[in-house]
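Okay, coords_32.cif now, which holds mmCIF, C-alpha atoms and all ligand atoms:
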```cif
data_data
#
loop_
_atom_site.label_atom_id
_atom_site.label_comp_id
_atom_site.auth_asym_id
_atom_site.auth_seq_id
_atom_site.Cartn_x
_atom_site.Cartn_y
_atom_site.Cartn_z
CA MET A 210 13.73 16.34 -2.87
CA ASP A 211 14.60 14.72 0.42
CA TYR A 212 16.29 11.34 0.38
CA ARG A 213 18.07 8.73 2.41
CA GLU A 214 20.39 6.01 1.18
CA VAL A 215 19.09 2.55 2.06
CA GLU A 216 20.17 -1.00 1.57
CA THR A 217 18.02 -4.01 0.98
CA THR A 218 18.12 -6.39 3.89
CA ARG A 219 15.59 -9.16 3.29
CA GLU A 220 13.33 -10.02 0.39
CA TYR A 221 10.24 -12.19 0.43
CA VAL A 222 7.82 -13.76 -1.96
CA CYS A 223 4.36 -14.12 -0.46
CA ARG A 224 1.04 -15.67 -1.38
CA LEU A 225 -1.89 -13.82 0.15
CA ASP A 226 -4.67 -15.77 1.89
CA HIS A 227 -7.96 -16.19 0.03
CA GLY A 228 -10.84 -14.32 1.68
CA ARG A 229 -8.75 -11.94 3.79
CA ASP A 230 -8.06 -8.25 3.21
CA TRP A 231 -5.21 -7.41 0.80
CA ARG A 232 -3.63 -4.51 2.71
CA THR A 233 -4.07 -5.74 6.27
CA GLN A 234 -2.35 -9.03 5.40
CA ILE A 235 0.69 -7.04 4.29
CA GLU A 236 0.62 -5.03 7.52
CA ALA A 237 0.26 -8.19 9.63
CA PHE A 238 3.22 -9.73 7.80
CA ALA A 239 5.29 -6.57 8.36
CA ASP A 240 4.45 -6.72 12.09
CA GLU A 241 5.35 -10.41 12.22
CA GLN A 242 8.72 -9.84 10.53
CA ALA A 243 9.35 -6.44 12.21
CA ILE A 244 9.68 -4.71 8.83
CA ASP A 245 10.05 -0.94 9.34
CA ALA A 246 10.60 0.06 5.70
CA ALA A 247 9.86 -1.79 2.48
CA PHE A 248 8.58 -1.58 -1.05
CA PHE A 249 6.37 -4.21 -2.60
CA GLN A 250 4.80 -5.18 -5.87
CA GLY A 251 2.10 -7.70 -6.56
CA LEU A 252 -0.65 -9.05 -8.73
CA GLY A 253 -3.69 -11.28 -8.41
CA ALA A 254 -7.43 -10.89 -8.10
CA VAL A 255 -9.88 -9.47 -5.59
CA GLU A 256 -13.60 -9.87 -5.10
CA ASP A 257 -14.31 -6.27 -4.17
CA ALA A 258 -12.34 -3.14 -3.54
CA GLU A 259 -12.48 0.22 -1.85
CA MET A 260 -10.24 2.82 -3.45
CA PHE A 261 -9.46 6.35 -2.37
CA PHE A 262 -8.86 9.38 -4.50
CA TYR A 263 -7.16 12.38 -2.84
CA ASP A 264 -8.86 15.61 -3.83
CA GLN A 265 -5.98 18.10 -4.00
CA GLU A 266 -8.31 21.12 -3.72
CA ARG A 267 -10.26 19.97 -0.68
CA ARG A 268 -7.33 18.01 0.80
CA GLU A 269 -9.59 15.07 1.50
CA TYR A 270 -9.89 11.47 0.38
CA ASP A 271 -13.03 10.40 -1.46
CA ALA A 272 -13.84 6.71 -1.31
CA VAL A 273 -15.25 4.65 -4.14
CA THR A 274 -16.20 0.99 -3.85
CA PHE A 275 -16.31 -1.69 -6.53
CA PRO A 276 -18.28 -4.70 -5.22
CA GLU A 277 -17.33 -7.08 -8.02
CA PRO A 278 -14.58 -9.52 -9.04
CA LEU A 279 -11.55 -7.62 -10.36
CA GLU A 280 -8.09 -8.56 -11.57
CA VAL A 281 -5.20 -6.91 -9.78
CA ALA A 282 -3.28 -6.09 -12.95
CA ALA A 283 -0.62 -4.32 -10.89
CA CYS A 284 -0.13 -3.37 -7.28
CA ILE A 285 2.68 -1.31 -5.85
CA GLY A 286 3.21 0.03 -2.39
CA ASN A 287 5.43 0.55 0.59
CA VAL A 288 5.58 -0.09 4.29
CA SER A 289 6.37 2.61 6.83
CA HIS A 290 5.13 3.79 10.22
CA LEU A 291 2.03 5.95 10.59
CA ASP A 292 0.67 7.03 13.97
CA GLY A 293 2.71 4.36 15.75
CA GLU A 294 1.63 1.47 13.52
CA ARG A 295 2.95 -0.15 10.38
CA PHE A 296 1.06 1.09 7.35
CA ALA A 297 1.09 -0.48 3.88
CA HIS A 298 0.55 2.41 1.49
CA THR A 299 -0.98 0.54 -1.43
CA HIS A 300 -1.84 1.56 -4.97
CA ALA A 301 -3.36 -0.71 -7.57
CA VAL A 302 -4.57 -0.95 -11.12
CA LEU A 303 -7.62 -3.22 -11.12
CA SER A 304 -9.32 -4.50 -14.25
CA ARG A 305 -12.80 -5.58 -15.25
CA PRO A 306 -13.74 -8.49 -17.57
CA ASP A 307 -13.73 -6.17 -20.59
CA GLY A 308 -10.21 -5.00 -19.75
CA ALA A 309 -11.24 -1.58 -18.50
CA ALA A 310 -8.95 -0.35 -15.75
CA LEU A 311 -9.71 1.22 -12.38
CA ALA A 312 -6.80 2.65 -10.50
CA GLY A 313 -5.93 4.43 -7.33
CA HIS A 314 -5.08 4.20 -3.66
CA LEU A 315 -6.29 0.78 -2.51
CA ASN A 316 -7.75 0.96 0.97
CA SER A 317 -9.26 -2.49 1.16
CA ALA A 318 -10.05 -5.48 -1.01
CA THR A 319 -10.97 -9.09 -0.32
CA VAL A 320 -8.30 -11.32 -1.78
CA PHE A 321 -9.29 -13.99 -4.27
CA ALA A 322 -5.63 -14.70 -4.98
CA GLY A 323 -2.49 -12.62 -4.63
CA GLU A 324 1.26 -12.85 -5.09
CA LEU A 325 3.74 -10.34 -3.75
CA HIS A 326 7.41 -9.53 -3.78
CA ILE A 327 8.45 -7.52 -0.73
CA ARG A 328 11.85 -5.85 -0.42
CA GLU A 329 12.84 -4.68 3.06
CA PHE A 330 15.26 -1.81 3.71
CA ASP A 331 17.68 -1.32 6.61
CA THR A 332 15.95 1.75 7.99
CA LYS A 333 12.76 2.89 9.67
CA LEU A 334 10.47 5.12 7.68
CA GLN A 335 8.13 7.32 9.66
CA ARG A 336 5.25 9.28 8.17
CA GLN A 337 4.79 12.88 9.28
CA HIS A 338 2.17 15.48 8.55
CA ASP A 339 3.18 17.58 5.53
CA GLU A 340 1.89 21.16 5.52
CA ALA A 341 1.99 21.65 1.74
CA THR A 342 -0.18 18.65 0.90
CA GLU A 343 -1.84 17.87 4.26
CA LEU A 344 -0.78 14.27 3.68
CA ASP A 345 1.29 12.04 5.96
CA LEU A 346 4.53 11.79 4.00
CA TRP A 347 7.89 10.20 4.78
CA GLY A 348 10.16 12.16 7.10
CA LEU A 349 13.58 11.70 5.49
ZN ZN B 401 -1.97 6.63 -1.88
#
```

Represent the structure from my file as structure tokens, please.
Ligand code: ZN
Amino acid sequence: MDYREVETTREYVCRLDHGRDWRTQIEAFADEQAIDAAFFQGLGAVEDAEMFFYDQERREYDAVTFPEPLEVAACIGNVSHLDGERFAHTHAVLSRPDGAALAGHLNSATVFAGELHIREFDTKLQRQHDEATELDLWGL
């Protein structure tokens, strides 16, 4: 395990804008506040979602879309740099009216409502290609 000691610098509570994309709002906020490393958690509701599942055999993401209103029962993610831009790596557990859960890597979703807590760290996290997984993982 690689690691780096970090300290929290700033923390924010945020309310996402209705009708805009969940993840890109977080990235725009990180750009605005020059956040180079952070973790966040959130909850709310979206009106549709595109989630990715990483196939470990094929080393490729498969996309699945859910064009329906969903609760964001839980969302967790982090902010770091990928290919020169801030990237909000976002995972979510979404739920349907009957309580059934959908979960995975959240690529996009139109916000109905959303609340976040973002904790910034005093470092810059940079993603690098990892040979073992073929994913872009943190270089620590
Ligand atoms: Zn992911």

Surrounding residues of Ile235 (chain A) excluding itself and chain neighbours under 4 positions, 7 Å, all atoms listed in the file, as a PyMOL selection string: chain A and resi 231+239+297

Cut-off 10 Å, all atoms listed in the file, neighbours of ligand ZN 401 (chain B) as number ranges by chain: A: 260-263, 270, 286-287, 297-301, 313-316, 344

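CA of Glu324 (chain A) to CA of Gln250 (chain A) spans 8.5 Å [interatomic distance, one decimal].
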
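For the set A:Leu334, A:Asp245, A:Glu294, A:Asp257, the residue with the smallest atom-to-atom gap to Thr274 (chain A) is A:Asp257, counting all atoms listed in the file.
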
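Remark: for Thr217 (chain A), the closest of the candidate residues A:Pro306, A:Lys333, A:Arg328, A:Asp292 is A:Arg328 (distances computed over all atoms listed in the file).
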